[in-house]
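Content type PDB, C-alpha atoms, from the file structure11.pdb:
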MODEL        1
ATOM      1  CA  MET A  70      98.187 -85.201 122.503
ATOM      2  CA  THR A  71      98.523 -81.869 124.209
ATOM      3  CA  THR A  72      97.722 -78.565 122.639
ATOM      4  CA  SER A  73      98.557 -75.112 123.869
ATOM      5  CA  ARG A  74      97.637 -71.754 122.405
ATOM      6  CA  ARG A  75      99.372 -68.455 122.821
ATOM      7  CA  GLU A  76      97.759 -65.389 121.288
ATOM      8  CA  ASN A  77      99.523 -62.196 120.464
ATOM      9  CA  LYS A  78      98.099 -59.173 118.683
ATOM     10  CA  ASN A  79      98.434 -60.456 115.092
ATOM     11  CA  VAL A  80     100.244 -63.763 115.584
ATOM     12  CA  LYS A  81      98.738 -66.986 116.796
ATOM     13  CA  SER A  82     100.912 -69.885 117.789
ATOM     14  CA  ILE A  83      99.736 -73.445 118.292
ATOM     15  CA  TYR A  84     101.920 -76.148 119.816
ATOM     16  CA  PHE A  85     101.090 -79.810 119.181
ATOM     17  CA  ALA A  86     102.950 -82.579 120.934
ATOM     18  CA  LYS A  87     102.488 -86.345 121.291
ATOM     19  CA  ALA A  88     103.803 -87.458 124.609
ATOM     20  CA  HIS A  89     106.676 -89.987 124.658
ATOM     21  CA  HIS A  90     106.553 -91.236 121.083
ATOM     22  CA  PRO A  91     109.698 -91.238 118.896
ATOM     23  CA  HIS A  92     107.845 -90.965 115.554
ATOM     24  CA  TYR A  93     105.757 -87.933 116.514
ATOM     25  CA  PRO A  94     107.994 -84.965 117.304
ATOM     26  CA  ALA A  95     106.564 -81.805 118.754
ATOM     27  CA  VAL A  96     105.311 -79.343 116.161
ATOM     28  CA  ASN A  97     105.093 -75.592 116.550
ATOM     29  CA  ILE A  98     102.949 -73.686 114.058
ATOM     30  CA  ASN A  99     102.983 -69.888 113.783
ATOM     31  CA  TYR A 100     100.717 -67.977 111.447
ATOM     32  CA  ASN A 101      99.728 -64.379 110.999
ATOM     33  CA  ILE A 102      96.152 -63.255 111.159
ATOM     34  CA  GLN A 103      95.420 -60.014 109.419
ATOM     35  CA  ARG A 104      92.064 -58.391 109.090
ATOM     36  CA  HIS A 105      91.403 -56.054 106.228
ATOM     37  CA  VAL A 106      88.475 -53.694 106.435
ATOM     38  CA  ALA A 107      87.155 -52.399 103.158
ATOM     39  CA  THR A 108      86.706 -48.669 103.422
ATOM     40  CA  ALA A 109      86.588 -47.844  99.720
ATOM     41  CA  GLU A 110      83.543 -46.007  98.485
ATOM     42  CA  LYS A 111      81.407 -47.392  95.713
ATOM     43  CA  LYS A 112      82.597 -45.954  92.435
ATOM     44  CA  PHE A 113      79.456 -46.737  90.474
ATOM     45  CA  GLU A 114      75.705 -46.489  90.637
ATOM     46  CA  CYS A 115      73.752 -49.675  91.303
ATOM     47  CA  PHE A 116      69.980 -49.635  91.655
ATOM     48  CA  ASN A 117      66.911 -51.879  91.620
ATOM     49  CA  ILE A 118      64.249 -51.189  89.021
ATOM     50  CA  GLN A 119      60.790 -50.811  90.573
ATOM     51  CA  ASP A 120      58.511 -50.647  87.503
ATOM     52  CA  ALA A 121      58.353 -49.792  83.772
ATOM     53  CA  LYS A 122      58.383 -46.034  84.422
ATOM     54  CA  ASP A 123      61.455 -46.388  86.636
ATOM     55  CA  PHE A 124      63.128 -48.464  83.888
ATOM     56  CA  GLN A 125      62.392 -45.754  81.325
ATOM     57  CA  THR A 126      63.780 -42.994  83.534
ATOM     58  CA  ARG A 127      66.864 -44.717  84.939
ATOM     59  CA  VAL A 128      67.925 -46.920  82.023
ATOM     60  CA  ILE A 129      66.564 -45.646  78.712
ATOM     61  CA  GLU A 130      67.029 -41.938  79.535
ATOM     62  CA  SER A 131      70.355 -42.391  81.333
ATOM     63  CA  PRO A 132      73.241 -40.165  80.184
ATOM     64  CA  VAL A 133      75.722 -43.002  80.913
ATOM     65  CA  PRO A 134      75.630 -46.581  79.635
ATOM     66  CA  VAL A 135      73.613 -48.949  81.837
ATOM     67  CA  ILE A 136      74.036 -52.689  82.280
ATOM     68  CA  VAL A 137      70.754 -54.357  83.220
ATOM     69  CA  ASP A 138      70.942 -57.608  85.182
ATOM     70  CA  PHE A 139      67.679 -59.577  84.795
ATOM     71  CA  HIS A 140      67.621 -62.016  87.717
ATOM     72  CA  ALA A 141      65.417 -63.865  90.203
ATOM     73  CA  THR A 142      65.884 -64.571  93.895
ATOM     74  CA  TRP A 143      65.564 -68.340  93.326
ATOM     75  CA  CYS A 144      68.185 -68.440  90.526
ATOM     76  CA  GLY A 145      71.518 -69.918  91.660
ATOM     77  CA  PRO A 146      73.668 -68.611  88.776
ATOM     78  CA  CYS A 147      72.104 -65.159  89.272
ATOM     79  CA  LYS A 148      73.398 -65.120  92.855
ATOM     80  CA  LEU A 149      76.907 -65.836  91.577
ATOM     81  CA  LEU A 150      76.820 -63.362  88.692
ATOM     82  CA  GLY A 151      75.518 -60.340  90.638
ATOM     83  CA  PRO A 152      78.580 -59.772  92.849
ATOM     84  CA  ARG A 153      80.928 -60.413  89.912
ATOM     85  CA  LEU A 154      79.128 -57.782  87.823
ATOM     86  CA  GLU A 155      79.330 -55.320  90.701
ATOM     87  CA  ALA A 156      83.058 -55.925  91.173
ATOM     88  CA  ILE A 157      83.859 -55.463  87.487
ATOM     89  CA  ILE A 158      81.640 -52.399  87.064
ATOM     90  CA  SER A 159      83.033 -50.777  90.220
ATOM     91  CA  ASN A 160      86.444 -50.678  88.524
ATOM     92  CA  LYS A 161      85.017 -48.546  85.695
ATOM     93  CA  GLU A 162      84.727 -45.530  88.023
ATOM     94  CA  GLY A 163      81.281 -44.257  87.103
ATOM     95  CA  GLN A 164      81.536 -44.771  83.339
ATOM     96  CA  VAL A 165      78.673 -47.280  83.524
ATOM     97  CA  SER A 166      75.764 -47.982  85.894
ATOM     98  CA  LEU A 167      74.196 -51.273  86.978
ATOM     99  CA  ALA A 168      70.433 -51.781  87.091
ATOM    100  CA  LYS A 169      68.916 -54.911  88.589
ATOM    101  CA  VAL A 170      65.538 -56.195  87.450
ATOM    102  CA  ASP A 171      63.844 -58.963  89.427
ATOM    103  CA  VAL A 172      61.865 -60.769  86.709
ATOM    104  CA  ASP A 173      59.296 -62.067  89.204
ATOM    105  CA  GLU A 174      58.401 -58.506  90.193
ATOM    106  CA  ASN A 175      58.771 -56.944  86.712
ATOM    107  CA  VAL A 176      57.381 -59.498  84.287
ATOM    108  CA  GLU A 177      56.371 -56.901  81.681
ATOM    109  CA  ILE A 178      59.931 -55.532  81.384
ATOM    110  CA  ALA A 179      61.363 -59.039  81.053
ATOM    111  CA  MET A 180      58.819 -59.874  78.350
ATOM    112  CA  GLU A 181      59.506 -56.638  76.451
ATOM    113  CA  TYR A 182      63.220 -57.494  76.206
ATOM    114  CA  LEU A 183      62.574 -61.194  75.446
ATOM    115  CA  VAL A 184      64.217 -62.530  78.591
ATOM    116  CA  GLU A 185      63.754 -66.296  78.397
ATOM    117  CA  SER A 186      66.679 -67.548  80.511
ATOM    118  CA  LEU A 187      68.316 -66.330  83.685
ATOM    119  CA  PRO A 188      70.557 -64.584  84.270
ATOM    120  CA  THR A 189      70.292 -62.323  81.234
ATOM    121  CA  VAL A 190      72.407 -59.182  81.053
ATOM    122  CA  ILE A 191      71.663 -56.433  78.525
ATOM    123  CA  GLY A 192      73.769 -53.335  77.876
ATOM    124  CA  PHE A 193      72.007 -50.067  77.025
ATOM    125  CA  LYS A 194      73.616 -46.926  75.624
ATOM    126  CA  ASN A 195      71.826 -43.747  74.507
ATOM    127  CA  GLY A 196      68.469 -45.464  75.075
ATOM    128  CA  ARG A 197      69.237 -48.383  72.759
ATOM    129  CA  LYS A 198      69.938 -52.038  73.463
ATOM    130  CA  ILE A 199      73.558 -52.571  72.394
ATOM    131  CA  ASN A 200      74.500 -56.091  73.445
ATOM    132  CA  LYS A 201      73.485 -58.967  75.720
ATOM    133  CA  PHE A 202      74.656 -62.242  77.197
ATOM    134  CA  ILE A 203      72.823 -65.092  78.860
ATOM    135  CA  GLY A 204      74.075 -67.232  81.721
ATOM    136  CA  LEU A 205      77.080 -67.167  83.990
ATOM    137  CA  GLN A 206      80.198 -65.888  82.202
ATOM    138  CA  GLU A 207      83.916 -65.724  82.974
ATOM    139  CA  ASP A 208      85.212 -62.443  84.404
ATOM    140  CA  ASP A 209      87.202 -61.721  81.221
ATOM    141  CA  ALA A 210      84.062 -62.064  79.077
ATOM    142  CA  ILE A 211      82.102 -59.780  81.432
ATOM    143  CA  ASP A 212      84.898 -57.196  81.412
ATOM    144  CA  SER A 213      85.011 -57.294  77.604
ATOM    145  CA  PHE A 214      81.213 -56.863  77.484
ATOM    146  CA  VAL A 215      81.446 -53.785  79.745
ATOM    147  CA  GLU A 216      84.365 -52.280  77.810
ATOM    148  CA  LYS A 217      82.518 -52.616  74.483
ATOM    149  CA  LEU A 218      79.525 -50.856  76.014
ATOM    150  CA  ILE A 219      81.624 -47.977  77.345
ATOM    151  CA  HIS A 220      83.628 -47.384  74.133
TER     152      HIS A 220
ENDMDL
END
Could you quickly redo this structure as structure tokens?
Amino acid sequence: MTTSRRENKNVKSIYFAKAHHPHYPAVNINYNIQRHVATAEKKFECFNIQDAKDFQTRVIESPVPVIVDFHATWCGPCKLLGPRLEAIISNKEGQVSLAKVDVDENVEIAMEYLVESLPTVIGFKNGRKINKFIGLQEDDAIDSFVEKLIH
């Protein structure tokens, strides 16, 4: 089998051929390669909670609703949920903020809000706990959770 490559700016072409065999015709494959660079600015506030005082200031006293993601670095579902939360909240254009609480570093906050499983997500509005969910959720359920908190 022989292979040849020809590169152009955005088009790559690969030619595969089997020499002298009637059942293997030459194949020419062309495909476009496009690179997209994300240049959009973040449209929401996302921050890590450092301690109980920080939680009080940035979550409880916040003028906008805040979604608090209780997570741990060793938690697999937490690693999947975090980016999904960020993506959904970024579409809300500043109507809601995202706070992240590492339960290993902030045990007292996790205990105060009865966090027993990870990930746990709690929505706060006007200093009060409004709603919560536990575990990895579908994007539609997360979006609904955020919308209920905003409105």
field: Contacts of Ser159 (chain A) within 6 Å, all atoms listed in the file, excl. fewer than 3 positions in-chain, as a list of chain:residue names
entry: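 So, after excluding close chain neighbours, the residues are A:Lys112, A:Phe113, A:Glu155, A:Ala156, A:Glu162.
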query: Mind telling me what the PyMOL selection byres ((chain A and resi 118) around 7) catches here, as an MDAnalysis selection string?
result: chainID A and resid 116:117 119:120 123:124 168:170
Contact residues around Trp143 (chain A) with only C-alpha atoms at 12 Å, ignoring same-chain residues under 3 positions, as a PyMOL selection string: chain A and resi 140+146-149+171-173+187-188
query: Between CA of Asp208 (chain A) and CA of Arg153 (chain A), what is the spacing in Å?
result: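 Value for the CA of Arg153 (chain A)-CA of Asp208 (chain A) distance: 7.3 Å.
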field: Separation of CA of Val135 (chain A) from CA of His220 (chain A), in Å and rounded to one decimal
entry: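 Spanning CA of Val135 (chain A) to CA of His220 (chain A) is a straight-line distance of 12.7 Å.
Of the listed residues A:Ile219, A:Tyr182, A:Ser131, A:Leu150, the one whose atoms come nearest to Lys201 (chain A) is A:Tyr182, with distances taken using all atoms listed in the file.
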- prompt: Which value, in Å to one decimal, gives the distance between CA of Arg127 (chain A) and CA of Ile191 (chain A)?
  reply: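 For CA of Arg127 (chain A) relative to CA of Ile191 (chain A), the distance reads 14.2 Å.
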query: For Ile136 (chain A), which residue out of A:Gly192, A:Lys217, A:Leu154, A:Gln164 is the nearest one, using all atoms listed in the file?
result: A:Gly192
- prompt: Which polymer residues have any atom within 12 Å of an atom of Leu183 (chain A), counting only C-alpha atoms, with same-chain residues fewer than 3 positions away left out, as number ranges by chain?
  reply: A: 139, 172, 176-180, 186-187, 189-191, 198, 201, 203
